[in-house]
Each structure stands twice: as structure tokens, then as C-alpha cells.
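Source file: coords-v9.txt; contents: compact mmCIF, C-alpha atoms.
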# COMPACT_ATOMS: atom_id res chain seq x y z
CA MET A 1 0.00 0.00 0.00
CA GLU A 2 3.04 2.30 0.05
CA ALA A 3 2.59 2.80 -3.69
CA TYR A 4 -0.95 4.16 -3.25
CA ARG A 5 -2.65 7.21 -1.78
CA ARG A 6 -6.17 7.06 -0.37
CA VAL A 7 -8.70 9.18 -2.27
CA ASP A 8 -10.55 11.59 0.02
CA LYS A 9 -14.31 11.24 -0.21
CA VAL A 10 -16.60 14.17 -0.77
CA GLU A 11 -18.91 14.25 2.24
CA ASP A 12 -22.60 14.77 1.69
CA ALA A 13 -24.18 17.93 3.06
CA LEU A 14 -25.90 17.04 6.31
CA PRO A 15 -29.55 17.83 6.86
CA ALA A 16 -29.93 20.52 9.53
CA ASN A 17 -31.32 18.10 12.10
CA GLU A 18 -28.82 15.27 11.62
CA ILE A 19 -25.84 14.49 13.84
CA ARG A 20 -23.21 12.01 12.62
CA VAL A 21 -21.32 10.68 15.60
CA ARG A 22 -17.66 9.78 15.29
CA ARG A 23 -15.61 7.72 17.67
CA GLY A 24 -13.20 9.75 19.82
CA VAL A 25 -14.97 13.12 19.54
CA GLY A 26 -16.15 14.57 22.85
CA ILE A 27 -19.80 13.67 23.40
CA GLY A 28 -20.44 17.04 25.09
CA ARG A 29 -20.20 18.82 21.75
CA TYR A 30 -22.83 16.53 20.24
CA LEU A 31 -25.05 16.97 23.30
CA LYS A 32 -24.87 20.75 23.01
CA ARG A 33 -25.66 20.61 19.28
CA ALA A 34 -28.67 18.36 19.89
CA TRP A 35 -29.97 20.68 22.59
CA GLU A 36 -29.56 23.68 20.26
CA LEU A 37 -31.48 21.89 17.50
CA LEU A 38 -34.34 20.99 19.81
CA ASN A 39 -34.52 24.37 21.58
CA ALA A 40 -33.03 26.87 19.06
CA PRO A 41 -31.26 29.22 21.54
CA THR A 42 -29.12 30.90 18.87
CA GLU A 43 -30.35 33.15 16.09
CA GLY A 44 -30.48 31.59 12.66
CA THR A 45 -30.96 28.07 14.00
CA PRO A 46 -34.50 26.84 13.37
CA LYS A 47 -36.16 24.91 16.16
CA ASN A 48 -36.63 21.23 15.31
CA ASP A 49 -38.92 18.73 16.94
CA THR A 50 -36.86 15.85 15.53
CA ILE A 51 -33.15 15.02 15.47
CA ILE A 52 -31.48 12.08 13.79
CA ILE A 53 -28.31 10.56 15.23
CA LYS A 54 -26.23 8.26 13.04
CA GLY A 55 -23.28 6.12 14.09
CA VAL A 56 -21.29 3.78 11.86
CA SER A 57 -19.14 0.83 12.95
CA ASN A 58 -17.17 1.74 16.11
CA ALA A 59 -19.26 4.88 16.65
CA VAL A 60 -22.49 2.93 17.25
CA GLN A 61 -21.84 2.83 21.00
CA SER A 62 -21.19 6.58 21.05
CA ALA A 63 -24.48 7.18 19.21
CA VAL A 64 -26.38 5.12 21.81
CA ASN A 65 -24.67 6.99 24.66
CA LEU A 66 -25.54 10.34 23.08
CA ALA A 67 -29.19 9.36 22.59
CA GLU A 68 -29.48 8.29 26.24
CA LEU A 69 -27.91 11.54 27.44
CA ILE A 70 -30.28 13.60 25.29
CA LYS A 71 -33.30 11.66 26.54
CA HIS A 72 -32.25 12.41 30.10
CA ARG A 73 -31.89 16.16 29.32
CA VAL A 74 -34.97 16.88 27.17
CA LYS A 75 -38.51 15.96 28.26
CA GLY A 76 -40.93 13.94 26.15
CA LEU A 77 -38.59 12.47 23.52
CA HIS A 78 -39.83 9.44 21.60
CA GLN A 79 -37.07 7.22 20.19
CA GLN A 80 -36.97 4.99 17.14
CA ASN A 81 -33.92 2.87 16.30
CA LYS A 82 -33.04 1.47 12.89
CA ILE A 83 -30.02 -0.72 12.28
CA CYS A 84 -28.71 -1.76 8.89
CA ASN A 85 -25.57 -2.68 6.99
CA ILE A 86 -24.08 -0.28 4.47
CA VAL A 87 -21.32 -0.72 1.91
CA ILE A 88 -18.41 1.71 2.06
CA THR A 89 -16.03 1.87 -0.89
CA ASP A 90 -12.44 2.98 -0.27
CA GLU A 91 -10.48 4.04 -3.34
CA PHE A 92 -6.73 4.39 -3.75
CA ASP A 93 -4.83 6.22 -6.50
CA PRO A 94 -1.42 4.89 -7.57
CA LEU A 95 1.65 6.99 -6.85
CA TYR A 96 3.60 5.39 -9.72
CA GLU A 97 2.76 4.98 -13.39
CA GLY A 98 1.68 1.56 -14.57
CA LEU A 99 -0.33 0.72 -11.44
CA ASP A 100 -4.11 0.45 -11.46
CA ARG A 101 -6.50 2.35 -9.24
CA LEU A 102 -7.63 0.14 -6.33
CA SER A 103 -11.10 -0.07 -4.90
CA PHE A 104 -12.08 -1.98 -1.74
CA GLN A 105 -15.57 -2.47 -0.42
CA ARG A 106 -16.40 -3.16 3.19
CA ILE A 107 -19.69 -3.80 4.90
CA VAL A 108 -20.26 -1.91 8.15
CA THR A 109 -23.11 -1.58 10.61
CA ARG A 110 -25.00 1.70 10.87
CA LEU A 111 -27.38 2.71 13.65
CA GLN A 112 -29.87 5.51 13.08
CA ILE A 113 -31.64 6.89 16.15
CA THR A 114 -34.55 9.27 15.66
CA LEU A 115 -35.49 11.39 18.69
CA THR A 116 -38.65 13.47 18.45
CA THR A 117 -41.20 15.28 20.57
CA ASN A 118 -43.81 14.70 17.82
CA VAL A 119 -45.14 11.14 18.16
CA ALA A 120 -46.62 11.33 14.64
CA LYS A 121 -43.09 11.25 13.17
CA VAL A 122 -42.30 7.76 14.55
CA ASP A 123 -43.97 4.40 14.17
CA THR A 124 -45.03 3.38 17.69
CA LYS A 125 -45.63 -0.20 16.50
CA ASP A 126 -42.06 -0.58 15.18
CA THR A 127 -39.70 -2.95 16.99
CA GLY A 128 -37.17 -0.14 17.55
CA TYR A 129 -39.64 2.27 19.18
CA GLN A 130 -39.11 3.46 22.77
CA SER A 131 -41.57 5.70 24.58
CA PRO A 132 -40.34 8.77 26.50
CA ILE A 133 -38.74 8.20 29.88
CA PRO A 134 -40.59 9.46 32.99
CA GLU A 135 -40.27 13.24 33.43
CA GLU A 136 -38.89 12.86 36.96
CA GLU A 137 -35.82 11.12 35.46
CA VAL A 138 -35.09 14.10 33.19
CA THR A 139 -32.58 16.75 34.30
CA GLU A 140 -32.91 19.83 32.10
CA PHE A 141 -29.81 20.62 30.07
CA ILE A 142 -28.02 23.90 30.83
CA ALA A 143 -25.72 24.95 27.98
CA GLU A 144 -23.40 26.92 30.28
CA ARG A 145 -22.42 23.69 32.06
CA VAL A 146 -20.70 22.34 28.96
CA GLN A 147 -17.01 22.99 29.44
CA PRO A 148 -14.77 24.03 26.57
CA PRO A 149 -12.14 21.49 25.50
CA ARG A 150 -9.18 21.26 27.86
CA GLN A 151 -6.08 23.14 26.82
CA ARG A 152 -2.52 22.00 27.38
CA LYS A 153 -0.47 23.72 30.04
CA GLU A 154 1.83 26.49 28.94
CA GLY A 155 5.08 25.30 27.47
CA GLY A 156 3.46 22.18 26.02
CA GLU A 157 3.99 20.17 29.19
CA LYS A 158 2.68 16.66 28.87
CA ARG A 159 1.72 14.23 31.57
CA GLY A 160 4.38 13.72 34.17
CA GLY A 161 5.22 17.36 34.80
CA ASN A 162 8.81 18.52 34.57
CA GLN A 163 10.86 16.09 32.50
CA GLU A 164 14.19 17.31 33.94
CA LYS A 165 13.41 15.56 37.21
CA ARG A 166 13.15 11.91 36.38
CA GLY A 167 11.77 10.07 39.36
CA ARG A 168 11.59 10.07 43.11
CA GLY A 169 14.12 7.35 43.81
CA LYS A 170 17.89 7.67 43.96
CA GLY A 171 19.93 6.67 40.98
CA ARG A 172 22.17 3.58 40.98
CA LYS A 173 25.28 5.64 41.64
CA ASP A 174 23.75 7.22 44.76
CA ARG A 175 22.76 3.83 46.19
CA GLN A 176 26.30 2.54 46.03
CA ASP A 177 27.51 5.54 48.06
CA ASP A 178 24.94 4.84 50.77
CA ASP A 179 25.67 1.10 50.94
CA PRO A 180 26.77 0.26 54.54
CA LYS A 181 29.14 -2.49 53.29
CA ASP A 182 31.17 0.10 51.38
CA LYS A 183 31.51 2.37 54.46
CA ASP A 184 33.03 -0.41 56.60
CA THR A 185 35.85 -1.02 54.15
CA GLU A 186 37.05 2.60 54.17

Would you mind writing the file's structure down as C-alpha cells?
Amino acid sequence: MEAYRRVDKVEDALPANEIRVRRGVGIGRYLKRAWELLNAPTEGTPKNDTIIIKGVSNAVQSAVNLAELIKHRVKGLHQQNKICNIVITDEFDPLYEGLDRLSFQRIVTRLQITLTTNVAKVDTKDTGYQSPIPEEEVTEFIAERVQPPRQRKEGGEKRGGNQEKRGRGKGRKDRQDDDPKDKDTE
């Protein structure tokens, strides 16, 4: 594969009420976006009564976690789950002449979760339908509580603090000086 370069895919424009969850992205950002879509606190953002959360492959668990968090922050949300397999095609261009363009297809699992306050937009008889949770289990979402992403300390310090100081123990050379056997021979 060193002779090939992966072709970047053109991503589709997302509908305004859709959230595509990726693995490794902070779930707080998705939670804030969902709350904004359902409550429209900012100008220019239309209020929606329905949001769609999609997770593919490893992000399915993150999509489920996000849906549960939203349901526990917004009252009266009906949920409908749909799971399916989709085919993703990865294409690779050759870096050297004479090589053919490669194309690989893989089948991955996709979970689509629809959350809505309008029961008419979901099929209550569907296997994936879940009714709203009791209102006493819902804690209203407050946007100010969402913390901005953590920044690194000044100077780019990583975990472990100051790297000039290595550890807490004495080095090998120091231990030999403190050895009682060596002191008796002097």
C-alpha cells in the first residue's frame, strides 16, 4: 500500500437536524448541538422537533450513549432505532505509473436513532420504538455547564510534569555511596 494514496471522499451535506457521531470526539459537543437543534437558543438556527443521530461501525456505542444523554436532558422524547448494513467503498490512487487504481468495499453496521417530541413522526408499533422516559428522570440541560475542550499547560507540558526531574528514587550511583558495606571497608 506504500505505492498508493487514499482518495478523500466528498462528504454529503448534512440535513440541519442530523448528527453524525464519530468515535473519539467529545460527546459534550454533540449533546450541546442536539440541545440547540431541539430548543433553538441561537439566532439563525431553526427549532426542530426531531433530530437524527447516526453512528457507523465503532461509533455505534457513542451514538447510543448520546441518545441516552439527550433523553435524560430533554422531556418527552420518543425514540426509534433502525439498524442496517451499508457498503463503504475505499479508493486508492497509484503513486507510480503503470499501477491500477484500487477499490475496496467493506460492509459496516449503521445505527440511526430518531429522537422526536412529535409522536406522529415515529412508528409506535415498530420494533425499535421506545416511549419517553418518565419526566422525573429528566434533568434539564443547561448549555453553560458544557465545558470548553481542555487546553494544554503552557510550554506544552505533557503528563508527568517537569521532565528534567526523572523520578523520586535515587539513581544507581547514589545507592552505592549509601551502601553500609562500602563504608566499613574505608

Legend entry - Pick from A:Thr117, A:Gln130, A:Thr124, A:Val21, whichever lies nearest to Ser57 of chain A using all atoms listed in the file: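 Result for the nearest residue to Ser57 of chain A: A:Val21.
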
Inset, instruction - Counting all atoms listed in the file, figure out which residue out of A:Gln80, A:Thr50, A:Ser103, A:Thr139 gets nearest to Asn118 of chain A. - result: A:Thr50

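For the atom pair formed by atom CA of Leu77 of chain A and atom CA of Ile52 of chain A, the distance is 12.1 Å, given to one decimal.
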
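Across the model, the gap from atom CA of Asn39 of chain A to atom CA of Glu136 of chain A is 19.7 Å.
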
Inset, instruction - Rank nothing, just name the residue among A:Glu137, A:Asp123, A:Asp93, A:Glu18 nearest to Glu2 of chain A, using all atoms listed in the file. - result: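 Smallest distance to Glu2 of chain A is found for A:Asp93.
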
Legend entry - Interatomic distance, atom CA of Asn85 of chain A to atom CA of Ala67 of chain A (Å, one decimal): 20.0 Å

With a distance cut-off of 10 Å and all atoms listed in the file, select the neighbouring residues of Ile53 of chain A, excluding the residue or stretch itself and same-chain residues fewer than 6 positions from it, and output the selection as an mmCIF file with C-alpha atoms, in the coordinates of the input.
data_model
loop_
_atom_site.group_PDB
_atom_site.id
_atom_site.type_symbol
_atom_site.label_atom_id
_atom_site.label_comp_id
_atom_site.auth_asym_id
_atom_site.auth_seq_id
_atom_site.Cartn_x
_atom_site.Cartn_y
_atom_site.Cartn_z
ATOM 1 C CA ASN A 17 -31.320 18.100 12.100
ATOM 2 C CA GLU A 18 -28.820 15.270 11.620
ATOM 3 C CA ILE A 19 -25.840 14.490 13.840
ATOM 4 C CA ARG A 20 -23.210 12.010 12.620
ATOM 5 C CA VAL A 21 -21.320 10.680 15.600
ATOM 6 C CA TYR A 30 -22.830 16.530 20.240
ATOM 7 C CA ALA A 34 -28.670 18.360 19.890
ATOM 8 C CA VAL A 60 -22.490 2.930 17.250
ATOM 9 C CA ALA A 63 -24.480 7.180 19.210
ATOM 10 C CA VAL A 64 -26.380 5.120 21.810
ATOM 11 C CA LEU A 66 -25.540 10.340 23.080
ATOM 12 C CA ALA A 67 -29.190 9.360 22.590
ATOM 13 C CA ASN A 81 -33.920 2.870 16.300
ATOM 14 C CA LEU A 111 -27.380 2.710 13.650
ATOM 15 C CA GLN A 112 -29.870 5.510 13.080
ATOM 16 C CA ILE A 113 -31.640 6.890 16.150
ATOM 17 C CA THR A 114 -34.550 9.270 15.660
ATOM 18 C CA LEU A 115 -35.490 11.390 18.690
#

Only all heavy atoms, as an mmCIF file, in the first residue's frame: that is what I want for segment 25-36 of chain A.
data_model
loop_
_atom_site.group_PDB
_atom_site.id
_atom_site.type_symbol
_atom_site.label_atom_id
_atom_site.label_comp_id
_atom_site.auth_asym_id
_atom_site.auth_seq_id
_atom_site.Cartn_x
_atom_site.Cartn_y
_atom_site.Cartn_z
ATOM 1 N N VAL A 25 -14.621 11.703 19.415
ATOM 2 C CA VAL A 25 -14.971 13.115 19.542
ATOM 3 C C VAL A 25 -15.759 13.279 20.833
ATOM 4 O O VAL A 25 -16.608 12.456 21.150
ATOM 5 C CB VAL A 25 -15.799 13.590 18.330
ATOM 6 C CG1 VAL A 25 -16.231 15.031 18.489
ATOM 7 C CG2 VAL A 25 -14.990 13.419 17.053
ATOM 8 N N GLY A 26 -15.481 14.346 21.578
ATOM 9 C CA GLY A 26 -16.151 14.565 22.852
ATOM 10 C C GLY A 26 -17.661 14.594 22.710
ATOM 11 O O GLY A 26 -18.209 15.320 21.882
ATOM 12 N N ILE A 27 -18.345 13.802 23.510
ATOM 13 C CA ILE A 27 -19.797 13.671 23.401
ATOM 14 C C ILE A 27 -20.511 14.946 23.846
ATOM 15 O O ILE A 27 -21.643 15.206 23.447
ATOM 16 C CB ILE A 27 -20.279 12.429 24.172
ATOM 17 C CG1 ILE A 27 -21.601 11.939 23.610
ATOM 18 C CG2 ILE A 27 -20.379 12.705 25.657
ATOM 19 C CD1 ILE A 27 -21.909 10.514 23.940
ATOM 20 N N GLY A 28 -19.848 15.789 24.638
ATOM 21 C CA GLY A 28 -20.442 17.040 25.091
ATOM 22 C C GLY A 28 -20.768 17.976 23.941
ATOM 23 O O GLY A 28 -21.772 18.695 23.973
ATOM 24 N N ARG A 29 -19.940 17.976 22.920
ATOM 25 C CA ARG A 29 -20.205 18.824 21.748
ATOM 26 C C ARG A 29 -21.465 18.370 21.030
ATOM 27 O O ARG A 29 -22.285 19.179 20.591
ATOM 28 C CB ARG A 29 -19.029 18.775 20.776
ATOM 29 C CG ARG A 29 -17.817 19.459 21.311
ATOM 30 C CD ARG A 29 -16.712 19.410 20.309
ATOM 31 N NE ARG A 29 -15.511 19.997 20.877
ATOM 32 C CZ ARG A 29 -14.431 20.248 20.186
ATOM 33 N NH1 ARG A 29 -14.390 19.977 18.909
ATOM 34 N NH2 ARG A 29 -13.381 20.779 20.770
ATOM 35 N N TYR A 30 -21.627 17.061 20.879
ATOM 36 C CA TYR A 30 -22.827 16.527 20.236
ATOM 37 C C TYR A 30 -24.064 16.828 21.077
ATOM 38 O O TYR A 30 -25.118 17.157 20.546
ATOM 39 C CB TYR A 30 -22.710 15.016 20.036
ATOM 40 C CG TYR A 30 -21.636 14.593 19.066
ATOM 41 C CD1 TYR A 30 -20.701 13.633 19.412
ATOM 42 C CD2 TYR A 30 -21.568 15.132 17.784
ATOM 43 C CE1 TYR A 30 -19.723 13.216 18.521
ATOM 44 C CE2 TYR A 30 -20.597 14.724 16.880
ATOM 45 C CZ TYR A 30 -19.676 13.764 17.260
ATOM 46 O OH TYR A 30 -18.721 13.357 16.373
ATOM 47 N N LEU A 31 -23.929 16.708 22.393
ATOM 48 C CA LEU A 31 -25.049 16.972 23.298
ATOM 49 C C LEU A 31 -25.497 18.428 23.186
ATOM 50 O O LEU A 31 -26.689 18.724 23.100
ATOM 51 C CB LEU A 31 -24.653 16.630 24.735
ATOM 52 C CG LEU A 31 -25.714 16.799 25.802
ATOM 53 C CD1 LEU A 31 -26.912 15.914 25.518
ATOM 54 C CD2 LEU A 31 -25.135 16.473 27.169
ATOM 55 N N LYS A 32 -24.542 19.334 23.142
ATOM 56 C CA LYS A 32 -24.871 20.754 23.014
ATOM 57 C C LYS A 32 -25.556 21.033 21.677
ATOM 58 O O LYS A 32 -26.542 21.767 21.619
ATOM 59 C CB LYS A 32 -23.605 21.596 23.141
ATOM 60 C CG LYS A 32 -23.877 23.081 23.114
ATOM 61 C CD LYS A 32 -22.627 23.889 23.333
ATOM 62 C CE LYS A 32 -22.948 25.372 23.289
ATOM 63 N NZ LYS A 32 -21.769 26.204 23.402
ATOM 64 N N ARG A 33 -25.060 20.433 20.607
ATOM 65 C CA ARG A 33 -25.657 20.612 19.275
ATOM 66 C C ARG A 33 -27.097 20.090 19.260
ATOM 67 O O ARG A 33 -27.996 20.737 18.714
ATOM 68 C CB ARG A 33 -24.806 19.892 18.226
ATOM 69 C CG ARG A 33 -25.398 19.893 16.835
ATOM 70 C CD ARG A 33 -25.255 21.238 16.174
ATOM 71 N NE ARG A 33 -25.796 21.158 14.822
ATOM 72 C CZ ARG A 33 -26.557 22.075 14.285
ATOM 73 N NH1 ARG A 33 -26.834 23.169 14.941
ATOM 74 N NH2 ARG A 33 -27.025 21.938 13.067
ATOM 75 N N ALA A 34 -27.323 18.929 19.847
ATOM 76 C CA ALA A 34 -28.670 18.359 19.889
ATOM 77 C C ALA A 34 -29.615 19.271 20.665
ATOM 78 O O ALA A 34 -30.750 19.512 20.241
ATOM 79 C CB ALA A 34 -28.632 16.970 20.516
ATOM 80 N N TRP A 35 -29.147 19.797 21.775
ATOM 81 C CA TRP A 35 -29.969 20.683 22.589
ATOM 82 C C TRP A 35 -30.308 21.958 21.807
ATOM 83 O O TRP A 35 -31.431 22.436 21.840
ATOM 84 C CB TRP A 35 -29.262 21.014 23.894
ATOM 85 C CG TRP A 35 -30.122 21.776 24.845
ATOM 86 C CD1 TRP A 35 -31.062 21.274 25.688
ATOM 87 C CD2 TRP A 35 -30.124 23.193 25.035
ATOM 88 N NE1 TRP A 35 -31.654 22.297 26.391
ATOM 89 C CE2 TRP A 35 -31.093 23.481 26.007
ATOM 90 C CE3 TRP A 35 -29.403 24.241 24.477
ATOM 91 C CZ2 TRP A 35 -31.362 24.773 26.438
ATOM 92 C CZ3 TRP A 35 -29.675 25.527 24.902
ATOM 93 C CH2 TRP A 35 -30.644 25.776 25.878
ATOM 94 N N GLU A 36 -29.322 22.491 21.080
ATOM 95 C CA GLU A 36 -29.564 23.681 20.260
ATOM 96 C C GLU A 36 -30.587 23.402 19.163
ATOM 97 O O GLU A 36 -31.444 24.241 18.878
ATOM 98 C CB GLU A 36 -28.258 24.173 19.631
ATOM 99 C CG GLU A 36 -27.317 24.823 20.612
ATOM 100 C CD GLU A 36 -25.954 25.139 20.012
ATOM 101 O OE1 GLU A 36 -25.686 24.727 18.856
ATOM 102 O OE2 GLU A 36 -25.154 25.790 20.699
#
